[in-house]
$ cat my_file-v8.cif   # mmCIF, C-alpha atoms and all ligand atoms
data_input
#
loop_
_atom_site.label_atom_id
_atom_site.label_comp_id
_atom_site.auth_asym_id
_atom_site.auth_seq_id
_atom_site.Cartn_x
_atom_site.Cartn_y
_atom_site.Cartn_z
CA MET A 8 -29.15 0.90 -22.22
CA GLU A 9 -28.64 0.05 -18.56
CA THR A 10 -25.16 0.80 -17.30
CA ILE A 11 -22.97 -1.69 -15.49
CA SER A 12 -21.39 -0.69 -12.21
CA ALA A 13 -18.39 -2.12 -10.37
CA ILE A 14 -18.84 -4.98 -7.90
CA ARG A 15 -19.65 -4.01 -4.29
CA GLY A 16 -16.45 -3.46 -2.34
CA PHE A 17 -14.39 -3.06 -5.52
CA LYS A 18 -13.22 0.48 -6.05
CA ASP A 19 -11.87 2.42 -9.02
CA ILE A 20 -8.85 4.61 -8.45
CA LEU A 21 -9.56 7.52 -10.76
CA PRO A 22 -6.93 9.79 -12.34
CA ALA A 23 -7.73 12.48 -9.77
CA GLU A 24 -6.53 10.13 -7.00
CA ALA A 25 -3.81 8.38 -8.96
CA GLY A 26 -1.21 11.13 -8.43
CA GLN A 27 -1.33 10.52 -4.70
CA TRP A 28 -1.07 6.76 -5.22
CA LEU A 29 1.94 7.20 -7.49
CA PHE A 30 3.61 9.40 -4.89
CA VAL A 31 3.11 6.75 -2.21
CA GLU A 32 4.52 4.07 -4.51
CA GLU A 33 7.53 6.21 -5.40
CA GLN A 34 8.28 6.84 -1.72
CA ALA A 35 7.92 3.13 -0.93
CA ARG A 36 10.30 2.15 -3.71
CA ARG A 37 12.83 4.83 -2.75
CA VAL A 38 12.88 3.91 0.94
CA PHE A 39 12.69 0.15 0.43
CA HIS A 40 15.49 0.14 -2.16
CA ALA A 41 17.75 1.98 0.29
CA PHE A 42 17.11 -0.83 2.78
CA GLY A 43 18.12 -3.43 0.19
CA PHE A 44 14.65 -4.57 -0.88
CA ARG A 45 13.94 -5.75 -4.41
CA ASP A 46 10.65 -5.82 -6.27
CA ILE A 47 8.92 -9.15 -6.82
CA ARG A 48 5.70 -9.56 -8.86
CA ILE A 49 3.59 -12.53 -8.00
CA PRO A 50 0.36 -13.85 -9.56
CA ILE A 51 -3.02 -12.70 -8.30
CA LEU A 52 -4.42 -16.23 -8.54
CA GLU A 53 -2.94 -19.19 -6.67
CA LYS A 54 -3.93 -22.73 -5.78
CA THR A 55 -6.35 -22.59 -2.83
CA GLU A 56 -4.17 -25.02 -0.91
CA LEU A 57 -1.39 -22.42 -0.67
CA PHE A 58 -3.52 -20.13 1.49
CA ALA A 59 -5.12 -22.95 3.46
CA ARG A 60 -1.62 -24.11 4.42
CA GLY A 61 0.08 -20.73 4.51
CA ILE A 62 -2.48 -18.66 6.41
CA GLY A 63 -4.17 -21.36 8.48
CA GLU A 64 -7.45 -23.26 8.06
CA SER A 65 -9.01 -21.74 11.15
CA THR A 66 -8.36 -18.07 10.36
CA ASP A 67 -11.19 -15.73 9.38
CA ILE A 68 -9.57 -15.22 5.99
CA VAL A 69 -9.49 -18.89 5.05
CA GLU A 70 -12.73 -19.80 6.80
CA LYS A 71 -14.95 -17.16 5.31
CA GLU A 72 -13.28 -14.42 3.30
CA MET A 73 -11.55 -15.97 0.31
CA TYR A 74 -12.70 -15.65 -3.28
CA THR A 75 -12.36 -19.31 -4.18
CA PHE A 76 -13.68 -20.98 -7.30
CA THR A 77 -13.21 -24.10 -9.34
CA ASP A 78 -11.77 -23.30 -12.76
CA ARG A 79 -12.59 -25.09 -15.99
CA GLY A 80 -9.85 -27.60 -15.29
CA ASP A 81 -11.56 -28.54 -11.99
CA GLU A 82 -8.79 -26.98 -9.94
CA SER A 83 -9.64 -24.96 -6.81
CA LEU A 84 -8.14 -21.49 -7.22
CA THR A 85 -8.20 -18.44 -4.97
CA LEU A 86 -7.69 -14.74 -5.52
CA ARG A 87 -4.85 -13.91 -3.16
CA PRO A 88 -6.10 -12.49 0.17
CA GLU A 89 -2.57 -11.41 1.17
CA ALA A 90 0.90 -11.53 -0.36
CA THR A 91 3.15 -13.35 2.11
CA ALA A 92 2.08 -16.89 1.16
CA SER A 93 2.55 -16.15 -2.55
CA ILE A 94 5.95 -14.52 -2.04
CA LEU A 95 7.10 -17.52 -0.02
CA ARG A 96 5.72 -19.89 -2.65
CA ALA A 97 7.78 -18.07 -5.31
CA TYR A 98 10.83 -17.97 -3.01
CA ILE A 99 10.68 -21.73 -2.50
CA GLU A 100 9.72 -22.58 -6.09
CA HIS A 101 12.67 -20.65 -7.53
CA ALA A 102 15.02 -21.61 -4.66
CA LEU A 103 15.97 -17.96 -4.17
CA TYR A 104 17.73 -18.99 -0.95
CA ALA A 105 20.30 -20.83 -3.09
CA THR A 106 21.42 -17.57 -4.73
CA ASP A 107 21.68 -15.56 -1.51
CA PRO A 108 20.96 -16.58 2.08
CA VAL A 109 19.11 -13.29 2.61
CA ALA A 110 16.22 -12.05 0.47
CA ARG A 111 14.49 -8.71 0.98
CA LEU A 112 11.42 -8.67 -1.22
CA TYR A 113 8.54 -6.25 -1.68
CA THR A 114 5.48 -6.05 -3.82
CA ILE A 115 2.61 -3.61 -4.30
CA GLY A 116 -0.73 -4.85 -5.57
CA PRO A 117 -4.36 -5.78 -4.98
CA MET A 118 -5.58 -8.36 -2.46
CA PHE A 119 -9.08 -9.83 -2.25
CA ARG A 120 -11.16 -10.63 0.81
CA ARG A 121 -14.91 -11.03 0.93
CA GLU A 122 -15.43 -8.91 4.03
CA ARG A 123 -18.42 -6.69 4.72
CA PRO A 124 -17.62 -3.49 2.83
CA GLN A 125 -17.54 -0.34 4.93
CA LYS A 126 -15.46 2.78 5.18
CA GLY A 127 -11.79 1.75 4.92
CA ARG A 128 -12.72 -1.88 4.26
CA TYR A 129 -12.97 -3.13 0.70
CA ARG A 130 -13.17 -6.48 -1.03
CA GLN A 131 -10.36 -5.55 -3.38
CA PHE A 132 -7.77 -3.47 -1.58
CA TYR A 133 -4.12 -2.76 -2.20
CA GLN A 134 -1.22 -3.63 0.02
CA ILE A 135 2.41 -2.64 0.09
CA ASP A 136 4.08 -5.77 1.28
CA ALA A 137 7.68 -6.29 2.41
CA GLU A 138 9.36 -9.50 3.56
CA ILE A 139 12.85 -10.36 4.82
CA LEU A 140 13.80 -14.01 4.53
CA GLY A 141 16.85 -15.73 5.95
CA LEU A 142 17.51 -13.69 9.09
CA ASP A 143 16.27 -14.38 12.60
CA ASP A 144 18.37 -11.69 14.26
CA PRO A 145 16.13 -9.44 16.39
CA ARG A 146 17.95 -6.39 15.03
CA VAL A 147 16.36 -7.23 11.68
CA ASP A 148 12.91 -6.94 13.25
CA ALA A 149 13.83 -3.46 14.47
CA GLU A 150 15.33 -2.58 11.09
CA LEU A 151 12.09 -3.53 9.33
CA ILE A 152 10.03 -1.42 11.74
CA LEU A 153 12.51 1.43 11.34
CA MET A 154 12.12 1.27 7.55
CA LEU A 155 8.36 1.20 7.95
CA THR A 156 8.21 4.28 10.18
CA HIS A 157 10.67 6.09 7.92
CA PHE A 158 8.40 5.38 4.96
CA LEU A 159 5.29 6.48 6.86
CA LYS A 160 7.04 9.76 7.66
CA ALA A 161 8.01 10.18 4.00
CA VAL A 162 4.34 10.13 3.01
CA GLY A 163 3.48 12.60 5.76
CA LEU A 164 2.28 10.48 8.68
CA THR A 165 4.04 12.24 11.48
CA ASN A 166 2.66 10.43 14.47
CA PRO A 167 1.99 6.74 13.84
CA HIS A 168 1.49 4.50 16.89
CA VAL A 169 3.66 1.43 16.57
CA GLU A 170 2.53 -1.40 18.82
CA ILE A 171 4.74 -4.43 19.22
CA ASN A 172 4.40 -7.76 20.92
CA SER A 173 6.13 -11.12 21.05
CA LEU A 174 3.99 -14.15 20.30
CA GLY A 175 6.65 -16.57 21.50
CA CYS A 176 7.79 -19.64 19.64
CA PRO A 177 6.86 -23.33 19.39
CA VAL A 178 8.69 -23.86 22.68
CA CYS A 179 6.75 -21.38 24.81
CA ARG A 180 3.51 -20.68 22.98
CA PRO A 181 1.85 -24.06 23.74
CA GLY A 182 2.06 -23.28 27.47
CA PHE A 183 0.37 -19.94 26.92
CA ARG A 184 -2.22 -21.53 24.65
CA SER A 185 -3.14 -24.12 27.32
CA ALA A 186 -3.41 -21.38 29.92
CA VAL A 187 -5.75 -19.39 27.68
CA VAL A 188 -7.88 -22.47 26.99
CA ALA A 189 -8.10 -23.14 30.73
CA HIS A 190 -9.14 -19.52 31.27
CA LEU A 191 -11.80 -19.65 28.55
CA GLN A 192 -13.27 -22.97 29.62
CA GLY A 193 -16.02 -22.12 32.06
CA ARG A 194 -16.52 -18.76 30.37
CA GLU A 195 -18.18 -20.18 27.26
CA GLU A 196 -21.42 -18.43 28.14
CA GLU A 197 -19.78 -15.04 27.76
CA LEU A 198 -18.33 -15.84 24.33
CA CYS A 199 -19.84 -15.40 20.89
CA GLY A 200 -20.42 -18.50 18.75
CA ASP A 201 -17.21 -17.95 16.79
CA CYS A 202 -15.10 -17.63 19.92
CA ARG A 203 -16.71 -20.65 21.54
CA ARG A 204 -15.54 -22.64 18.55
CA ARG A 205 -12.13 -20.98 18.72
CA ILE A 206 -11.44 -22.46 22.19
CA ASP A 207 -10.70 -25.72 20.37
CA THR A 208 -9.44 -24.49 17.03
CA ASN A 209 -7.59 -21.23 17.62
CA PRO A 210 -7.99 -19.94 21.19
CA LEU A 211 -5.61 -16.98 20.84
CA ARG A 212 -7.93 -15.49 18.23
CA VAL A 213 -10.42 -14.70 21.01
CA PHE A 214 -8.12 -11.75 21.85
CA ASP A 215 -8.88 -10.38 18.38
CA CYS A 216 -12.67 -10.57 18.69
CA LYS A 217 -14.38 -7.22 18.58
CA ILE A 218 -17.50 -8.29 20.51
CA GLU A 219 -17.73 -6.62 23.90
CA SER A 220 -18.53 -9.74 25.97
CA CYS A 221 -15.60 -11.61 24.39
CA ARG A 222 -13.29 -8.71 25.14
CA ALA A 223 -14.46 -8.76 28.75
CA ALA A 224 -13.93 -12.52 28.95
CA VAL A 225 -10.25 -12.18 28.08
CA GLU A 226 -9.61 -9.09 30.13
CA HIS A 227 -8.08 -11.08 32.96
CA ALA A 228 -6.75 -13.88 30.79
CA PRO A 229 -3.11 -14.97 31.23
CA ARG A 230 -0.58 -12.63 29.67
CA LEU A 231 1.74 -13.83 26.97
CA ALA A 232 4.66 -11.92 28.43
CA ASP A 233 4.60 -14.23 31.47
CA PHE A 234 5.05 -17.30 29.30
CA LEU A 235 7.91 -16.32 26.99
CA CYS A 236 10.91 -18.63 27.11
CA ASP A 237 14.35 -17.13 27.76
CA ALA A 238 15.31 -17.12 24.08
CA CYS A 239 12.11 -15.26 23.11
CA ARG A 240 12.49 -12.84 26.01
CA VAL A 241 16.05 -11.97 24.95
CA HIS A 242 14.98 -11.70 21.33
CA PHE A 243 12.15 -9.32 22.20
CA GLY A 244 14.44 -7.30 24.46
CA THR A 245 16.92 -6.75 21.64
CA VAL A 246 14.12 -5.66 19.29
CA GLN A 247 13.13 -2.96 21.79
CA GLU A 248 16.70 -1.89 22.43
CA SER A 249 17.41 -1.58 18.71
CA LEU A 250 14.26 0.47 18.14
CA GLY A 251 15.40 2.72 20.96
CA LEU A 252 18.68 3.33 19.17
CA PHE A 253 16.77 5.12 16.40
CA CYS A 254 14.24 6.69 18.75
CA VAL A 255 11.38 4.86 17.04
CA PRO A 256 8.45 5.42 19.41
CA PHE A 257 6.54 2.23 20.18
CA SER A 258 4.39 0.70 22.86
CA ILE A 259 4.02 -2.91 23.89
CA ASN A 260 0.56 -4.40 23.43
CA ASP A 261 0.62 -7.91 24.80
CA ARG A 262 -2.99 -8.46 23.74
CA MET A 263 -2.12 -8.16 20.07
CA VAL A 264 -2.17 -11.65 18.58
CA ARG A 265 -2.76 -10.74 14.91
CA GLY A 266 -5.25 -12.57 12.73
CA LEU A 267 -2.98 -14.96 10.90
CA ASP A 268 -1.71 -18.26 12.25
CA TYR A 269 1.84 -18.11 11.04
CA TYR A 270 3.31 -15.45 13.31
CA THR A 271 6.06 -16.20 15.84
CA ARG A 272 7.95 -13.87 18.16
CA THR A 273 7.80 -10.20 17.09
CA THR A 274 4.49 -8.93 15.77
CA PHE A 275 3.54 -5.32 15.22
CA GLU A 276 0.77 -3.03 14.08
CA VAL A 277 0.55 0.63 13.24
CA THR A 278 -2.63 2.39 14.21
CA THR A 279 -3.65 6.02 14.26
CA ASP A 280 -6.22 7.99 16.23
CA VAL A 281 -8.19 8.55 13.05
CA LEU A 282 -8.78 4.88 12.29
CA GLY A 283 -9.45 3.83 15.87
CA ALA A 284 -7.83 0.96 17.72
CA GLN A 285 -9.52 -1.76 15.69
CA ASN A 286 -8.33 -0.53 12.35
CA ALA A 287 -4.62 -0.86 11.81
CA VAL A 288 -2.97 0.68 8.77
CA VAL A 289 -0.07 -1.79 8.92
CA GLY A 290 0.20 -5.31 10.28
CA GLY A 291 3.26 -7.48 10.39
CA GLY A 292 5.41 -9.94 12.20
CA ARG A 293 7.89 -12.75 12.23
CA TYR A 294 7.00 -16.17 10.81
CA ASP A 295 9.98 -18.40 11.41
CA GLY A 296 8.25 -21.72 10.64
CA LEU A 297 6.29 -20.70 7.56
CA VAL A 298 8.81 -21.41 4.80
CA GLN A 299 9.16 -24.94 6.10
CA GLN A 300 5.41 -25.31 6.51
CA LEU A 301 5.10 -24.52 2.82
CA GLY A 302 7.55 -27.25 1.90
CA GLY A 303 10.75 -25.19 1.83
CA PRO A 304 13.88 -25.33 3.99
CA ASP A 305 13.89 -24.13 7.59
CA ILE A 306 14.34 -20.42 6.85
CA PRO A 307 13.12 -17.65 9.14
CA GLY A 308 11.20 -14.64 7.90
CA ILE A 309 9.53 -11.41 8.91
CA GLY A 310 7.33 -9.00 6.99
CA PHE A 311 4.55 -6.44 6.99
CA ALA A 312 1.61 -5.34 4.90
CA ILE A 313 0.49 -1.74 4.64
CA GLY A 314 -3.13 -1.09 3.68
CA PHE A 315 -2.82 1.33 0.74
CA GLU A 316 -6.32 2.84 0.91
CA ARG A 317 -6.07 3.38 4.66
CA LEU A 318 -2.65 4.92 4.32
CA VAL A 319 -3.89 7.32 1.64
CA SER A 320 -6.89 8.27 3.81
CA LEU A 321 -4.49 9.27 6.61
CA MET A 322 -2.15 11.44 4.57
CA PRO A 323 -2.19 15.14 5.40
CA ARG A 324 -1.68 15.98 1.72
CA VAL A 325 -4.86 15.14 -0.15
CA ALA A 326 -5.35 13.93 -3.73
CA GLU A 327 -5.70 17.47 -5.10
CA ASP A 328 -2.15 18.26 -3.90
CA PHE A 329 -0.80 15.63 -6.28
CA ARG A 330 -2.85 16.66 -9.30
CA ARG A 331 -0.89 16.50 -12.56
CA THR A 332 -1.41 19.51 -14.76
CA PRO A 333 -0.15 20.05 -18.31
CA ALA A 334 2.56 22.66 -18.59
CA LEU A 335 1.24 24.17 -21.79
CA PHE A 336 -2.04 24.54 -23.64
CA ILE A 337 -1.87 25.33 -27.33
CA ALA A 338 -4.93 27.25 -28.44
CA ALA A 339 -5.25 27.17 -32.22
CA LEU A 340 -7.71 29.28 -34.21
CA GLY A 341 -8.43 28.06 -37.74
CA ALA A 342 -7.40 25.03 -39.76
CA GLU A 343 -3.88 26.22 -40.57
CA ALA A 344 -3.19 27.05 -36.92
CA GLN A 345 -4.47 23.63 -35.85
CA LYS A 346 -2.04 21.97 -38.22
CA ILE A 347 0.86 23.88 -36.66
CA ALA A 348 -0.47 23.27 -33.15
CA PHE A 349 -0.79 19.53 -33.77
CA GLU A 350 2.79 19.27 -34.93
CA LEU A 351 4.16 21.50 -32.16
CA ALA A 352 2.18 19.75 -29.43
CA ASN A 353 3.46 16.33 -30.35
CA ARG A 354 7.04 17.47 -30.93
CA LEU A 355 6.99 19.03 -27.46
CA ARG A 356 5.56 15.81 -25.99
CA LEU A 357 8.38 13.87 -27.64
CA ASN A 358 10.64 16.20 -25.63
CA ASN A 359 8.84 15.43 -22.36
CA VAL A 360 6.77 18.61 -22.17
CA GLU A 361 3.18 17.96 -21.08
CA VAL A 362 0.98 19.66 -23.66
CA GLU A 363 -2.75 19.75 -24.34
CA MET A 364 -4.57 21.27 -27.30
CA ASP A 365 -8.03 21.53 -28.78
CA TYR A 366 -9.00 19.43 -31.79
CA ALA A 367 -12.58 20.60 -32.14
CA GLY A 368 -12.09 24.11 -33.50
CA LYS A 369 -13.59 25.78 -30.42
CA SER A 370 -13.56 29.53 -29.79
CA LEU A 371 -10.53 31.11 -28.10
CA LYS A 372 -12.63 31.78 -25.03
CA SER A 373 -13.70 28.17 -24.68
CA GLN A 374 -10.16 26.89 -25.32
CA MET A 375 -8.76 29.18 -22.62
CA LYS A 376 -11.49 28.04 -20.27
CA ARG A 377 -10.37 24.44 -20.78
CA ALA A 378 -6.70 25.40 -20.29
CA ASP A 379 -7.69 26.98 -17.02
CA LYS A 380 -9.73 23.97 -15.90
CA LEU A 381 -6.86 21.63 -16.69
CA GLY A 382 -4.60 23.81 -14.54
CA CYS A 383 -2.16 24.60 -17.38
CA ARG A 384 0.61 26.97 -16.43
CA TYR A 385 1.11 28.49 -19.90
CA ALA A 386 -0.87 28.92 -23.10
CA LEU A 387 0.37 29.40 -26.62
CA ILE A 388 -2.16 31.12 -28.87
CA ILE A 389 -1.89 30.72 -32.63
CA GLY A 390 -4.22 32.45 -35.11
CA ASP A 391 -3.89 33.67 -38.71
CA ARG A 392 -1.98 36.81 -37.69
CA GLU A 393 0.48 34.79 -35.60
CA ILE A 394 1.08 32.45 -38.53
CA ALA A 395 1.73 35.39 -40.84
CA GLU A 396 4.14 36.92 -38.35
CA LYS A 397 5.66 33.49 -37.51
CA SER A 398 5.22 34.37 -33.87
CA GLY A 399 2.65 33.11 -31.37
CA VAL A 400 1.28 34.72 -28.22
CA PHE A 401 2.76 33.12 -25.11
CA ARG A 402 0.62 33.68 -22.03
CA ASP A 403 1.57 33.00 -18.43
CA LEU A 404 -1.78 31.91 -17.04
CA ARG A 405 -0.84 32.59 -13.44
CA ASN A 406 -0.28 36.29 -13.83
CA SER A 407 -1.90 36.82 -17.24
CA THR A 408 1.19 38.45 -18.77
CA GLN A 409 1.90 37.69 -22.39
CA THR A 410 4.86 37.95 -24.77
CA PRO A 411 5.50 36.87 -28.35
CA VAL A 412 7.29 33.59 -29.02
CA GLY A 413 8.73 31.94 -32.15
CA LEU A 414 6.64 29.01 -33.42
CA ASP A 415 9.41 26.50 -33.05
CA LEU A 416 10.39 23.99 -30.38
CA ALA A 417 13.51 25.77 -29.14
CA SER A 418 11.79 29.14 -28.71
CA ILE A 419 8.84 27.62 -26.82
CA THR A 420 10.86 25.44 -24.45
CA GLY A 421 13.35 28.30 -23.97
CA LYS A 422 10.50 30.62 -23.03
CA MET A 423 9.04 28.14 -20.54
CA GLU A 424 12.41 27.52 -18.92
CA ALA A 425 13.15 31.24 -18.68
CA LEU A 426 9.76 31.94 -17.08
CA GLN A 427 10.19 29.04 -14.68
CA ARG A 428 13.56 30.39 -13.62
CA GLY A 429 11.96 33.80 -13.21
CA VAL A 430 14.42 35.33 -15.65
CA GLU A 431 13.56 38.79 -16.98
CA ASP A 432 12.33 38.01 -20.42
CA LEU A 433 13.13 40.54 -23.12
CA VAL A 434 12.23 38.55 -26.22
P1 LIG A 501 -3.52 -8.04 7.31
O1 LIG A 501 -2.96 -8.69 6.07
O2 LIG A 501 -4.89 -8.55 7.66
O3 LIG A 501 -2.57 -8.00 8.44
O4 LIG A 501 -3.78 -6.53 6.89
C1 LIG A 501 -2.75 -5.61 6.72
C2 LIG A 501 -3.35 -4.27 6.40
O5 LIG A 501 -4.08 -4.33 5.17
C3 LIG A 501 -4.36 -3.79 7.41
O6 LIG A 501 -3.71 -3.14 8.46
C4 LIG A 501 -5.20 -2.85 6.60
O7 LIG A 501 -4.60 -1.58 6.53
C5 LIG A 501 -5.19 -3.47 5.23
N1 LIG A 501 -6.44 -4.22 5.01
C6 LIG A 501 -6.74 -5.47 5.41
N2 LIG A 501 -7.96 -5.82 5.01
C7 LIG A 501 -8.48 -4.76 4.34
C8 LIG A 501 -9.71 -4.50 3.67
N3 LIG A 501 -10.67 -5.39 3.60
N4 LIG A 501 -9.86 -3.27 3.09
C9 LIG A 501 -8.89 -2.35 3.14
N5 LIG A 501 -7.70 -2.54 3.75
C10 LIG A 501 -7.49 -3.73 4.35
#
$ encode --input "my_file-v8.cif" --output "structure tokens"
Amino acid sequence: METISAIRGFKDILPAEAGQWLFVEEQARRVFHAFGFRDIRIPILEKTELFARGIGESTDIVEKEMYTFTDRGDESLTLRPEATASILRAYIEHALYATDPVARLYTIGPMFRRERPQKGRYRQFYQIDAEILGLDDPRVDAELILMLTHFLKAVGLTNPHVEINSLGCPVCRPGFRSAVVAHLQGREEELCGDCRRRIDTNPLRVFDCKIESCRAAVEHAPRLADFLCDACRVHFGTVQESLGLFCVPFSINDRMVRGLDYYTRTTFEVTTDVLGAQNAVVGGGRYDGLVQQLGGPDIPGIGFAIGFERLVSLMPRVAEDFRRTPALFIAALGAEAQKIAFELANRLRLNNVEVEMDYAGKSLKSQMKRADKLGCRYALIIGDREIAEKSGVFRDLRNSTQTPVGLDLASITGKMEALQRGVEDLV
């Protein structure tokens, strides 16, 4: 029969890669918990309106990338393209601000965007997402970036480029926006169709366009830094000062506007040489008006999203370095030996020892071959003679030495511990 394959742009994470993914998750949880973050799990499906309102109608995501469908109850639903809107929806719905004025929330999970699949770009991809709600202090922006770089180091990225910018606030951004519109008007000819439309809907997005002529058209456009109001300038200054305190290396990129509408003041991206300038591994920023825009109180927020697949592709330690291997392989020869092996294997597992065995009655040679392939450190061989003598053969597969061992739990675990400690074994 014909086989069924996964959908284009949807990727399986196989056991061979999963060890690396688990490591990244463990590091994220460890670092984030130290910074006071708590796990939140949000649904994958939300009402379409949440993203239209939360991300912005005129963003690429909402305009053309969402997986939206009408369900059997005639409701328009969307697979979440990012996590911030959903986290804020949950925050408002459960009035988390009433319990504590500050919430530090993180979540790890899949997001869905119908983009053109290519290397490093999928239609289902994972993000590690962190949000701080209830604080507009610029030191918090620096703290979040500090946590991010600390985490990136923990997974082995030694030299991430952090780029920061301030997008201003509702007081100063309109002035910048008008100046950009004025700059773009008269240059329509140089712009792609999308950007021509953006002059009216979302002019700052022209800075994000990857098309060469559009990039040239904004090369001499007004600079955001010249339009920041005093409050935003001071805010941005403190962010930089606070990053300096921890020697977090960063550069200012005042052309970085980020793809989503909701950002205010500090925005940041992490890029690496490997991905190229257009492909960030992390994107984030402040969104002080978003909670209110979603119907909640006027509460400021800031957050980031790390692209899991891109992060993994940048790690110096590859999947093979995180391979899980059983500690022990029990090779049983004959029905009686299999009975003993079955019991021993599962009693060891109940004691947290990773054990594998053969159930098919294969030859010793083929069982040892499998033990080797699985990367087992030790093998316990049980045949008729071993049963008669109540003593199995314990083999260290790294150096091929072997010693007898009692066929009971305590003797086997004792032997493994002694060998692991490198103790001279006289049994
Ligand atoms: P954004 O939510 O667009 O700011 O994206 C944050 C991060 O998620 C990016 O920096 C990427 O690392 C990752 N990301 C976004 N879209 C995709 C995608 N289609 N495939 C893989 N990773 C993605």
$ atom_distance --input "my_file-v8.cif" --atom1 "atom CA of A:Gly308" --atom2 "atom CA of A:Thr271"
9.6 Å
$ residues_around --input "my_file-v8.cif" --residues "stretch 105-110 of chain A" --least-positions-apart "4" --cutoff "8 Å" --atoms "only C-alpha atoms" --output "NGL selection string"
:A and (44 or 138-142)
$ residues_around --input "my_file-v8.cif" --residues "stretch 361-375 of chain A" --least-positions-apart "5" --cutoff "6 Å" --atoms "all atoms listed in the file" --output "VMD selection string"
chain A and resid 333 to 337 352 356
$ write_last_selection --input "my_file-v8.cif" --atoms "C-alpha atoms" --output "short mmCIF file (atom, residue, chain, number, x, y, z; two decimals), in the coordinates of the input"
data_model
loop_
_atom_site.label_atom_id
_atom_site.label_comp_id
_atom_site.auth_asym_id
_atom_site.auth_seq_id
_atom_site.Cartn_x
_atom_site.Cartn_y
_atom_site.Cartn_z
CA PRO A 333 -0.15 20.05 -18.31
CA ALA A 334 2.56 22.66 -18.59
CA LEU A 335 1.24 24.17 -21.79
CA PHE A 336 -2.04 24.54 -23.64
CA ILE A 337 -1.87 25.33 -27.33
CA ALA A 352 2.18 19.75 -29.43
CA ARG A 356 5.56 15.81 -25.99
#
$ closest_atom_pairs --input "my_file-v8.cif" --of "chain A" --to "ligand LIG 501 (chain A)" --cutoff "9 Å" --atoms "only C-alpha atoms and all ligand atoms" --output "Markdown table"
| residue | atom | partner | partner_atom | distance |
| --- | --- | --- | --- | --- |
| A:Gly16 | CA | A:LIG501 | N3 | 8.5 |
| A:Ile68 | CA | A:LIG501 | O2 | 8.3 |
| A:Pro88 | CA | A:LIG501 | O1 | 7.7 |
| A:Glu89 | CA | A:LIG501 | O1 | 5.6 |
| A:Ala90 | CA | A:LIG501 | O1 | 8.0 |
| A:Thr91 | CA | A:LIG501 | O1 | 8.6 |
| A:Met118 | CA | A:LIG501 | C7 | 8.2 |
| A:Phe119 | CA | A:LIG501 | N3 | 7.5 |
| A:Arg120 | CA | A:LIG501 | N3 | 6.0 |
| A:Arg121 | CA | A:LIG501 | N3 | 7.5 |
| A:Glu122 | CA | A:LIG501 | N3 | 5.9 |
| A:Arg123 | CA | A:LIG501 | N3 | 7.9 |
| A:Pro124 | CA | A:LIG501 | N3 | 7.2 |
| A:Gln125 | CA | A:LIG501 | N4 | 8.4 |
| A:Lys126 | CA | A:LIG501 | N4 | 8.5 |
| A:Gly127 | CA | A:LIG501 | C9 | 5.3 |
| A:Arg128 | CA | A:LIG501 | N4 | 3.4 |
| A:Tyr129 | CA | A:LIG501 | N4 | 3.9 |
| A:Arg130 | CA | A:LIG501 | N3 | 5.4 |
| A:Gln131 | CA | A:LIG501 | N4 | 6.9 |
| A:Phe132 | CA | A:LIG501 | C9 | 5.0 |
| A:Tyr133 | CA | A:LIG501 | N5 | 6.9 |
| A:Gln134 | CA | A:LIG501 | O5 | 5.9 |
| A:Ile135 | CA | A:LIG501 | O5 | 8.4 |
| A:Asp136 | CA | A:LIG501 | C1 | 8.7 |
| A:Arg265 | CA | A:LIG501 | O3 | 7.0 |
| A:Gly266 | CA | A:LIG501 | O2 | 6.5 |
| A:Leu267 | CA | A:LIG501 | O3 | 7.4 |
| A:Glu276 | CA | A:LIG501 | O6 | 7.2 |
| A:Val277 | CA | A:LIG501 | O6 | 7.4 |
| A:Thr278 | CA | A:LIG501 | O6 | 8.1 |
| A:Asn286 | CA | A:LIG501 | O6 | 6.6 |
| A:Ala287 | CA | A:LIG501 | O6 | 4.2 |
| A:Val288 | CA | A:LIG501 | O7 | 3.6 |
| A:Val289 | CA | A:LIG501 | O6 | 3.9 |
| A:Gly290 | CA | A:LIG501 | O3 | 4.3 |
| A:Gly291 | CA | A:LIG501 | O3 | 6.2 |
| A:Phe311 | CA | A:LIG501 | C1 | 7.4 |
| A:Ala312 | CA | A:LIG501 | C1 | 4.7 |
| A:Ile313 | CA | A:LIG501 | C2 | 4.9 |
| A:Gly314 | CA | A:LIG501 | O7 | 3.2 |
| A:Phe315 | CA | A:LIG501 | O7 | 6.7 |
| A:Glu316 | CA | A:LIG501 | C9 | 6.2 |
| A:Arg317 | CA | A:LIG501 | O7 | 5.5 |
| A:Leu318 | CA | A:LIG501 | O7 | 7.1 |
$ residues_around --input "my_file-v8.cif" --residues "A:Pro167" --least-positions-apart "6" --cutoff "12 Å" --atoms "only C-alpha atoms" --output "list in words"
Ile152, Leu155, Thr156, His157, Phe158, Leu159, Lys160, Val255, Pro256, Phe257, Ser258, Glu276, Val277, Thr278, Thr279, Asp280, Val281, Leu282, Gly283, Ala287, Val288, Val289, Leu318, Leu321 and Met322 of chain A
$ residues_around --input "my_file-v8.cif" --residues "stretch 221-234 of chain A" --least-positions-apart "2" --cutoff "9 Å" --atoms "all atoms listed in the file" --output "MDAnalysis selection string"
chainID A and resid 172:175 179:180 182:184 186:187 190:191 194:195 197:199 202 213:219 236 240 261:262
$ closest_residue --input "my_file-v8.cif" --among "A:Pro117, A:Gly63, A:Gly163, A:Gly390" --to "A:Val31" --atoms "only C-alpha atoms"
A:Gly163
$ atom_distance --input "my_file-v8.cif" --atom1 "atom CA of A:Glu32" --atom2 "atom CA of A:Ile115"
7.9 Å
